[in-house]
file my_file_31.txt (compact mmCIF, C-alpha atoms)
# COMPACT_ATOMS: atom_id res chain seq x y z
CA MET A 1 11.49 -17.37 2.99
CA SER A 2 9.90 -20.58 4.34
CA ASP A 3 6.24 -21.45 4.79
CA THR A 4 6.72 -20.85 8.51
CA ALA A 5 7.84 -17.28 7.90
CA LEU A 6 5.57 -14.57 9.27
CA VAL A 7 5.81 -12.89 5.86
CA ARG A 8 6.07 -15.26 2.92
CA TYR A 9 7.95 -14.05 -0.15
CA GLU A 10 7.46 -15.17 -3.74
CA LEU A 11 8.81 -13.76 -6.99
CA ASP A 12 6.49 -14.24 -9.97
CA ASP A 13 8.45 -13.03 -13.00
CA ASN A 14 9.05 -9.36 -12.12
CA VAL A 15 6.32 -9.08 -9.45
CA ALA A 16 7.10 -9.81 -5.78
CA ILE A 17 4.28 -11.22 -3.65
CA LEU A 18 4.47 -10.60 0.11
CA THR A 19 1.97 -12.61 2.16
CA LEU A 20 1.24 -11.96 5.83
CA ASN A 21 1.32 -15.41 7.39
CA ARG A 22 -0.15 -15.45 10.89
CA PRO A 23 -3.66 -16.71 10.14
CA ALA A 24 -4.38 -18.10 13.61
CA LYS A 25 -4.07 -14.51 14.91
CA ARG A 26 -5.97 -12.99 11.95
CA ASN A 27 -2.58 -11.73 10.73
CA ALA A 28 -2.28 -9.36 13.68
CA LEU A 29 0.93 -7.41 13.33
CA ASN A 30 3.55 -8.02 16.01
CA ALA A 31 7.14 -6.79 16.11
CA PRO A 32 8.71 -9.92 14.50
CA MET A 33 6.20 -9.82 11.63
CA VAL A 34 6.85 -6.13 10.98
CA GLU A 35 10.60 -6.80 10.90
CA GLU A 36 10.10 -9.65 8.42
CA LEU A 37 7.96 -7.28 6.37
CA ARG A 38 10.90 -4.85 6.24
CA GLN A 39 13.16 -7.60 4.92
CA ALA A 40 10.59 -8.62 2.30
CA ILE A 41 10.09 -5.01 1.17
CA GLU A 42 13.84 -4.55 0.74
CA ARG A 43 14.14 -7.80 -1.18
CA ALA A 44 11.27 -6.85 -3.49
CA GLN A 45 12.87 -3.48 -4.18
CA SER A 46 16.13 -5.20 -5.14
CA GLU A 47 14.71 -7.76 -7.61
CA ALA A 48 11.16 -6.84 -8.72
CA ARG A 49 9.49 -4.10 -10.74
CA ALA A 50 6.26 -4.13 -8.69
CA ALA A 51 4.93 -5.88 -5.59
CA VAL A 52 1.71 -7.18 -4.04
CA ILE A 53 1.02 -7.46 -0.32
CA CYS A 54 -1.76 -9.79 0.83
CA GLY A 55 -2.72 -12.04 3.74
CA THR A 56 -3.20 -15.77 4.18
CA GLY A 57 -6.25 -17.24 5.88
CA GLU A 58 -9.58 -15.45 6.23
CA HIS A 59 -8.26 -11.92 6.80
CA PHE A 60 -5.75 -9.42 5.45
CA SER A 61 -4.89 -8.14 8.94
CA ALA A 62 -6.87 -7.43 12.10
CA GLY A 63 -4.25 -4.85 13.09
CA LEU A 64 -1.87 -4.39 15.98
CA ASP A 65 -1.27 -7.40 18.24
CA LEU A 66 -2.79 -5.86 21.38
CA ALA A 67 -1.23 -8.48 23.66
CA GLU A 68 2.17 -7.12 22.67
CA HIS A 69 1.00 -3.55 23.34
CA VAL A 70 -0.16 -4.05 26.92
CA GLY A 71 2.29 -2.81 29.56
CA ARG A 72 4.50 -0.73 27.30
CA SER A 73 5.89 2.44 28.82
CA PRO A 74 5.17 5.69 26.93
CA ILE A 75 8.71 5.86 25.56
CA GLU A 76 8.56 2.22 24.47
CA GLY A 77 5.29 3.03 22.70
CA VAL A 78 6.93 5.93 20.88
CA HIS A 79 9.82 3.74 19.70
CA HIS A 80 7.39 1.02 18.57
CA SER A 81 5.30 3.52 16.60
CA ARG A 82 8.33 5.12 14.99
CA ARG A 83 9.57 1.70 13.89
CA TRP A 84 6.27 1.08 12.12
CA HIS A 85 6.55 4.53 10.53
CA ALA A 86 10.03 3.79 9.19
CA ILE A 87 9.06 0.43 7.71
CA PHE A 88 5.76 1.58 6.22
CA ASP A 89 7.63 4.58 4.78
CA GLN A 90 9.89 2.10 2.97
CA MET A 91 6.81 0.82 1.18
CA GLU A 92 5.16 4.18 0.52
CA GLN A 93 8.37 5.83 -0.71
CA SER A 94 9.52 2.77 -2.62
CA PRO A 95 11.14 2.85 -6.07
CA ILE A 96 8.57 0.22 -7.13
CA PRO A 97 4.76 0.32 -6.77
CA PHE A 98 3.01 -1.77 -4.12
CA PHE A 99 -0.52 -3.13 -4.55
CA ALA A 100 -2.50 -4.32 -1.52
CA ALA A 101 -4.91 -7.24 -1.98
CA LEU A 102 -7.49 -6.99 0.80
CA HIS A 103 -9.99 -9.50 2.15
CA GLY A 104 -11.70 -10.07 5.46
CA ALA A 105 -10.56 -7.76 8.26
CA VAL A 106 -8.65 -4.64 7.23
CA VAL A 107 -8.68 -3.20 10.70
CA GLY A 108 -6.56 -0.79 12.75
CA GLY A 109 -2.91 -1.37 11.94
CA GLY A 110 -3.98 -3.55 9.02
CA LEU A 111 -5.64 -0.53 7.44
CA GLU A 112 -2.58 1.58 8.24
CA LEU A 113 -0.43 -0.97 6.42
CA ALA A 114 -2.80 -1.07 3.44
CA ALA A 115 -2.72 2.73 3.29
CA ALA A 116 1.06 2.60 2.79
CA ALA A 117 0.55 0.71 -0.47
CA HIS A 118 -0.05 2.72 -3.64
CA ILE A 119 -3.15 0.91 -4.90
CA ARG A 120 -5.67 -1.10 -2.86
CA VAL A 121 -7.86 -3.90 -4.26
CA ALA A 122 -10.57 -5.24 -1.93
CA ASP A 123 -12.76 -8.24 -2.43
CA GLU A 124 -16.39 -8.28 -1.30
CA THR A 125 -15.52 -9.98 2.00
CA ALA A 126 -13.32 -7.08 3.13
CA PHE A 127 -14.39 -4.80 5.96
CA PHE A 128 -12.57 -1.75 7.24
CA ALA A 129 -12.43 -0.32 10.77
CA LEU A 130 -10.38 1.85 13.11
CA PRO A 131 -11.44 0.69 16.59
CA GLU A 132 -8.67 2.52 18.47
CA GLY A 133 -11.13 4.73 20.35
CA THR A 134 -12.95 1.72 21.78
CA ARG A 135 -9.60 0.18 22.81
CA GLY A 136 -8.40 3.29 24.62
CA ILE A 137 -5.52 3.89 22.22
CA PHE A 138 -4.66 5.96 19.14
CA VAL A 139 -3.37 5.07 15.69
CA GLY A 140 0.40 4.60 15.67
CA GLY A 141 1.27 3.16 12.29
CA GLY A 142 0.91 6.34 10.24
CA GLY A 143 -2.88 6.30 9.96
CA SER A 144 -3.34 9.90 11.07
CA VAL A 145 -1.40 10.90 7.95
CA ARG A 146 -2.04 8.18 5.35
CA VAL A 147 -5.58 7.06 6.14
CA ALA A 148 -6.73 10.63 6.77
CA ARG A 149 -5.27 11.66 3.42
CA LEU A 150 -7.25 8.94 1.67
CA MET A 151 -10.70 9.52 3.17
CA GLY A 152 -10.49 12.83 5.03
CA VAL A 153 -10.22 13.75 8.70
CA ALA A 154 -13.97 13.95 9.36
CA ARG A 155 -14.61 10.39 8.18
CA MET A 156 -11.59 9.05 10.01
CA THR A 157 -12.74 10.80 13.18
CA ASP A 158 -16.16 9.17 12.79
CA MET A 159 -14.63 5.69 12.43
CA MET A 160 -12.33 6.13 15.42
CA LEU A 161 -14.96 7.65 17.73
CA THR A 162 -17.79 5.27 16.91
CA GLY A 163 -15.93 2.08 15.99
CA ARG A 164 -18.05 1.69 12.87
CA SER A 165 -16.91 -0.71 10.18
CA LEU A 166 -17.22 -0.20 6.45
CA SER A 167 -18.04 -2.66 3.71
CA ALA A 168 -15.76 -2.91 0.71
CA ARG A 169 -18.22 -0.89 -1.38
CA LYS A 170 -18.46 1.87 1.22
CA ALA A 171 -14.67 1.85 1.56
CA GLU A 172 -14.43 2.36 -2.19
CA ASP A 173 -16.84 5.31 -1.92
CA TRP A 174 -14.61 6.74 0.81
CA ASN A 175 -11.42 6.17 -1.27
CA LEU A 176 -9.93 3.56 1.05
CA CYS A 177 -9.67 1.21 -1.92
CA GLN A 178 -9.63 1.77 -5.66
CA TYR A 179 -11.09 -1.56 -6.80
CA VAL A 180 -13.75 -3.93 -5.44
CA VAL A 181 -13.85 -7.45 -6.89
CA ALA A 182 -15.66 -10.70 -6.18
CA ALA A 183 -14.67 -12.82 -3.18
CA ASP A 184 -11.28 -14.50 -3.51
CA GLU A 185 -10.30 -12.38 -6.52
CA ALA A 186 -8.36 -9.57 -4.85
CA ARG A 187 -4.98 -11.30 -4.98
CA ALA A 188 -5.23 -12.26 -8.66
CA THR A 189 -6.49 -8.80 -9.59
CA ALA A 190 -3.73 -7.08 -7.64
CA ILE A 191 -1.10 -9.28 -9.31
CA ASP A 192 -2.53 -8.47 -12.74
CA LEU A 193 -2.43 -4.73 -11.97
CA ALA A 194 1.10 -5.06 -10.60
CA ARG A 195 2.21 -6.75 -13.84
CA LYS A 196 0.80 -3.83 -15.82
CA ALA A 197 2.63 -1.33 -13.63
CA ALA A 198 5.82 -3.40 -13.86
CA GLY A 199 5.73 -2.83 -17.61
CA ASN A 200 5.89 0.94 -17.21
CA ALA A 201 9.08 2.95 -17.53
CA GLU A 202 10.98 2.65 -14.25
CA MET A 203 11.51 6.40 -13.97
CA SER A 204 7.81 7.10 -14.55
CA ASN A 205 6.81 4.73 -11.77
CA TYR A 206 9.32 6.32 -9.42
CA ALA A 207 8.03 9.81 -10.19
CA ILE A 208 4.38 8.80 -9.77
CA ILE A 209 5.03 7.16 -6.41
CA ASN A 210 7.39 9.72 -4.95
CA ALA A 211 6.59 13.06 -6.57
CA LEU A 212 2.79 13.11 -6.50
CA PRO A 213 2.39 12.83 -2.69
CA ARG A 214 5.03 15.49 -2.08
CA ILE A 215 3.49 17.86 -4.61
CA GLN A 216 0.15 17.54 -2.79
CA ASP A 217 1.84 18.84 0.36
CA MET A 218 3.26 21.92 -1.41
CA ALA A 219 1.82 25.30 -2.12
CA ARG A 220 0.26 25.50 -5.60
CA GLY A 221 3.11 27.42 -7.20
CA ASP A 222 5.78 25.22 -5.61
CA GLY A 223 3.96 22.11 -6.76
CA LEU A 224 3.74 23.30 -10.35
CA PHE A 225 7.43 24.25 -10.30
CA VAL A 226 8.47 20.80 -9.04
CA GLU A 227 6.14 19.17 -11.57
CA SER A 228 8.06 20.88 -14.38
CA PHE A 229 11.36 19.47 -13.18
CA VAL A 230 10.02 15.95 -12.65
CA SER A 231 8.32 16.03 -16.05
CA ALA A 232 11.51 17.11 -17.80
CA MET A 233 13.68 14.54 -16.01
CA THR A 234 11.26 11.72 -16.74
CA ALA A 235 10.94 12.58 -20.42
CA ALA A 236 14.73 12.79 -20.76
CA ALA A 237 15.26 9.21 -19.55
CA PRO A 238 16.37 6.82 -22.37
CA GLU A 239 13.41 4.49 -21.82
CA ALA A 240 10.98 7.38 -22.26
CA GLY A 241 12.62 8.34 -25.56
CA GLU A 242 12.14 4.85 -26.97
CA ARG A 243 8.52 4.68 -25.80
CA LEU A 244 7.72 8.09 -27.28
CA ARG A 245 9.30 7.13 -30.61
CA ALA A 246 7.29 3.92 -30.63
CA PHE A 247 4.08 5.89 -30.22
CA VAL A 248 4.98 8.49 -32.87
CA GLU A 249 5.92 5.70 -35.28
CA LYS A 250 2.61 3.92 -34.53
CA ARG A 251 4.33 0.93 -32.95
CA ALA A 252 2.56 1.44 -29.61
CA ALA A 253 -1.14 0.97 -28.91
CA LYS A 254 -3.38 3.97 -28.40
CA VAL A 255 -5.58 4.39 -25.33
CA ALA A 256 -8.75 2.36 -25.81
CA ARG A 257 -12.28 3.14 -24.74
CA PRO A 258 -13.26 1.53 -21.40
CA GLU A 259 -15.40 -1.56 -21.53
CA ALA A 260 -19.09 -0.99 -20.89

call {"tool": "encode", "arguments": {"input": "my_file_31.txt", "output": "structure tokens"}}
result
Amino acid sequence: MSDTALVRYELDDNVAILTLNRPAKRNALNAPMVEELRQAIERAQSEARAAVICGTGEHFSAGLDLAEHVGRSPIEGVHHSRRWHAIFDQMEQSPIPFFAALHGAVVGGGLELAAAAHIRVADETAFFALPEGTRGIFVGGGGSVRVARLMGVARMTDMMLTGRSLSARKAEDWNLCQYVVAADEARATAIDLARKAAGNAEMSNYAIINALPRIQDMARGDGLFVESFVSAMTAAAPEAGERLRAFVEKRAAKVARPEA
């Protein structure tokens, strides 16, 4: 994809890097950008083992392009929302893990997009908001499911009703991101994490991404039953057998203590 693409695509070894590229509009998400995102997601899934999504300019994404939203009929709004759902589902239910590198505005639809990734890394410039209440609209990119799952309904309700914004540190406290790093370091950190995940067994990554969320939606007994099947299938994969033998034969490193 060219430098003029709305979503730039780069393959760095086995990690795909998808960059939102509409900086003059704070990477606001319009229909053409979301369609290019779909193409980039599909390409990453076909040739990479992990992926990073980030934004060019001063912001990750300020959300939905409101100019595009004005004047839509209710049925057009439903179709638009469902299209976002389908494309963000492609990321969330991907065979490879996606890491979001966040800086500047992570607002509205930008936060909904980030929530579709599996791990979120924010730098200290990042701020998070859901201003839909103040705009007279409602989330439409899956936020009522994904964002609410991350931080809880009460906190999401607060953000939507009051329009409050959160710092990166507060967002980490509320589980909207898993890492906070110094300014301008989110992309590099996310790529480093993606490389680590890319080195995992492919079947393990698939199970982590696709089984864990579904198990959380099940009754306790059903979840434990499904866990047994996923565990058995993963362990039976050839790659798992080699990795387990390497550990037993002391050819694989043990888990180390965390750094102080």

call {"tool": "closest_residue", "arguments": {"input": "my_file_31.txt", "among": "A:Gly142, A:Pro131, A:Gly77, A:Gly57", "to": "Asp158 of chain A", "atoms": "only C-alpha atoms"}}
result
A:Pro131

call {"tool": "closest_residue", "arguments": {"input": "my_file_31.txt", "among": "A:Ala51, A:Ala168, A:Ala31, A:Ala114", "to": "His79 of chain A", "atoms": "all atoms listed in the file"}}
result
A:Ala31

call {"tool": "closest_residue", "arguments": {"input": "my_file_31.txt", "among": "A:Leu224, A:Val147, A:Leu29, A:Ala48", "to": "Ser61 of chain A", "atoms": "only C-alpha atoms"}}
result
A:Leu29

call {"tool": "closest_residue", "arguments": {"input": "my_file_31.txt", "among": "A:Leu111, A:Val145, A:Val181, A:Met159", "to": "Asp217 of chain A", "atoms": "all atoms listed in the file"}}
result
A:Val145

call {"tool": "atom_distance", "arguments": {"input": "my_file_31.txt", "atom1": "atom CA of His59 of chain A", "atom2": "atom CA of His103 of chain A"}}
result
5.5 Å

call {"tool": "residues_around", "arguments": {"input": "my_file_31.txt", "residues": "Lys25 of chain A", "least_positions_apart": "2", "cutoff": "12 Å", "atoms": "only C-alpha atoms", "output": "mmCIF file with C-alpha atoms, keeping the file's coordinate frame"}}
result
data_model
loop_
_atom_site.group_PDB
_atom_site.id
_atom_site.type_symbol
_atom_site.label_atom_id
_atom_site.label_comp_id
_atom_site.auth_asym_id
_atom_site.auth_seq_id
_atom_site.Cartn_x
_atom_site.Cartn_y
_atom_site.Cartn_z
ATOM 1 C CA LEU A 6 5.570 -14.570 9.270
ATOM 2 C CA LEU A 20 1.240 -11.960 5.830
ATOM 3 C CA ASN A 21 1.320 -15.410 7.390
ATOM 4 C CA ARG A 22 -0.150 -15.450 10.890
ATOM 5 C CA PRO A 23 -3.660 -16.710 10.140
ATOM 6 C CA ASN A 27 -2.580 -11.730 10.730
ATOM 7 C CA ALA A 28 -2.280 -9.360 13.680
ATOM 8 C CA LEU A 29 0.930 -7.410 13.330
ATOM 9 C CA ASN A 30 3.550 -8.020 16.010
ATOM 10 C CA MET A 33 6.200 -9.820 11.630
ATOM 11 C CA GLY A 55 -2.720 -12.040 3.740
ATOM 12 C CA THR A 56 -3.200 -15.770 4.180
ATOM 13 C CA GLY A 57 -6.250 -17.240 5.880
ATOM 14 C CA GLU A 58 -9.580 -15.450 6.230
ATOM 15 C CA HIS A 59 -8.260 -11.920 6.800
ATOM 16 C CA PHE A 60 -5.750 -9.420 5.450
ATOM 17 C CA SER A 61 -4.890 -8.140 8.940
ATOM 18 C CA ALA A 62 -6.870 -7.430 12.100
ATOM 19 C CA GLY A 63 -4.250 -4.850 13.090
ATOM 20 C CA LEU A 64 -1.870 -4.390 15.980
ATOM 21 C CA ASP A 65 -1.270 -7.400 18.240
ATOM 22 C CA LEU A 66 -2.790 -5.860 21.380
ATOM 23 C CA ALA A 67 -1.230 -8.480 23.660
ATOM 24 C CA ALA A 105 -10.560 -7.760 8.260
#

call {"tool": "residues_around", "arguments": {"input": "my_file_31.txt", "residues": "Ala183 of chain A", "least_positions_apart": "3", "cutoff": "9 Å", "atoms": "only C-alpha atoms", "output": "MDAnalysis selection string"}}
result
chainID A and resid 103 122:126 186

call {"tool": "atom_distance", "arguments": {"input": "my_file_31.txt", "atom1": "atom CA of Asp222 of chain A", "atom2": "atom CA of Ala236 of chain A"}}
result
21.5 Å

call {"tool": "residues_around", "arguments": {"input": "my_file_31.txt", "residues": "Ala44 of chain A", "least_positions_apart": "5", "cutoff": "12 Å", "atoms": "only C-alpha atoms", "output": "compact mmCIF listing (two decimals) with C-alpha atoms, in the coordinates of the input"}}
result
# COMPACT_ATOMS: atom_id res chain seq x y z
CA ARG A 8 6.07 -15.26 2.92
CA TYR A 9 7.95 -14.05 -0.15
CA GLU A 10 7.46 -15.17 -3.74
CA LEU A 11 8.81 -13.76 -6.99
CA ASP A 12 6.49 -14.24 -9.97
CA ASP A 13 8.45 -13.03 -13.00
CA ASN A 14 9.05 -9.36 -12.12
CA VAL A 15 6.32 -9.08 -9.45
CA ALA A 16 7.10 -9.81 -5.78
CA ILE A 17 4.28 -11.22 -3.65
CA LEU A 18 4.47 -10.60 0.11
CA LEU A 37 7.96 -7.28 6.37
CA ARG A 38 10.90 -4.85 6.24
CA GLN A 39 13.16 -7.60 4.92
CA ARG A 49 9.49 -4.10 -10.74
CA ALA A 50 6.26 -4.13 -8.69
CA ALA A 51 4.93 -5.88 -5.59
CA VAL A 52 1.71 -7.18 -4.04
CA ILE A 53 1.02 -7.46 -0.32
CA GLN A 90 9.89 2.10 2.97
CA MET A 91 6.81 0.82 1.18
CA SER A 94 9.52 2.77 -2.62
CA PRO A 95 11.14 2.85 -6.07
CA ILE A 96 8.57 0.22 -7.13
CA PRO A 97 4.76 0.32 -6.77
CA PHE A 98 3.01 -1.77 -4.12

call {"tool": "axis_aligned_box", "arguments": {"input": "my_file_31.txt", "around": "segment 16-29 of chain A", "padding_each_side": "8 Å", "output": "AutoDock Vina command-line options"}}
result
--center_x 0.6 --center_y -12.8 --center_z 4.6 --size_x 29.1 --size_y 26.7 --size_z 36.7

call {"tool": "atom_distance", "arguments": {"input": "my_file_31.txt", "atom1": "atom CA of Trp84 of chain A", "atom2": "atom CA of Gly143 of chain A"}}
result
10.8 Å

call {"tool": "residues_around", "arguments": {"input": "my_file_31.txt", "residues": "Trp174 of chain A", "least_positions_apart": "6", "cutoff": "12 Å", "atoms": "all atoms listed in the file", "output": "list of chain:residue names"}}
result
A:Phe128, A:Val147, A:Ala148, A:Arg149, A:Leu150, A:Met151, A:Gly152, A:Val153, A:Ala154, A:Arg155, A:Met156, A:Met159, A:Leu166, A:Ser167, A:Ala168

call {"tool": "write_last_selection", "arguments": {"input": "my_file_31.txt", "atoms": "C-alpha atoms", "output": "short mmCIF file (atom, residue, chain, number, x, y, z; two decimals), in the coordinates of the input"}}
result
data_model
loop_
_atom_site.label_atom_id
_atom_site.label_comp_id
_atom_site.auth_asym_id
_atom_site.auth_seq_id
_atom_site.Cartn_x
_atom_site.Cartn_y
_atom_site.Cartn_z
CA PHE A 128 -12.57 -1.75 7.24
CA VAL A 147 -5.58 7.06 6.14
CA ALA A 148 -6.73 10.63 6.77
CA ARG A 149 -5.27 11.66 3.42
CA LEU A 150 -7.25 8.94 1.67
CA MET A 151 -10.70 9.52 3.17
CA GLY A 152 -10.49 12.83 5.03
CA VAL A 153 -10.22 13.75 8.70
CA ALA A 154 -13.97 13.95 9.36
CA ARG A 155 -14.61 10.39 8.18
CA MET A 156 -11.59 9.05 10.01
CA MET A 159 -14.63 5.69 12.43
CA LEU A 166 -17.22 -0.20 6.45
CA SER A 167 -18.04 -2.66 3.71
CA ALA A 168 -15.76 -2.91 0.71
#

call {"tool": "closest_residue", "arguments": {"input": "my_file_31.txt", "among": "A:Ala219, A:Thr234, A:Ala198, A:Arg257", "to": "Glu47 of chain A", "atoms": "only C-alpha atoms"}}
result
A:Ala198

call {"tool": "residues_around", "arguments": {"input": "my_file_31.txt", "residues": "Gly141 of chain A", "least_positions_apart": "4", "cutoff": "6 Å", "atoms": "all atoms listed in the file", "output": "NGL selection string"}}
result
:A and (81 or 84-85 or 112)

call {"tool": "write_last_selection", "arguments": {"input": "my_file_31.txt", "atoms": "C-alpha atoms", "output": "PDB file, in the frame of the given file"}}
result
ATOM      1  CA  SER A  81       5.300   3.520  16.600  1.00  0.00           C
ATOM      2  CA  TRP A  84       6.270   1.080  12.120  1.00  0.00           C
ATOM      3  CA  HIS A  85       6.550   4.530  10.530  1.00  0.00           C
ATOM      4  CA  GLU A 112      -2.580   1.580   8.240  1.00  0.00           C
TER       5      GLU A 112
END

call {"tool": "closest_residue", "arguments": {"input": "my_file_31.txt", "among": "A:Pro238, A:Pro74, A:Gly223, A:Gly109", "to": "Ala201 of chain A", "atoms": "only C-alpha atoms"}}
result
A:Pro238
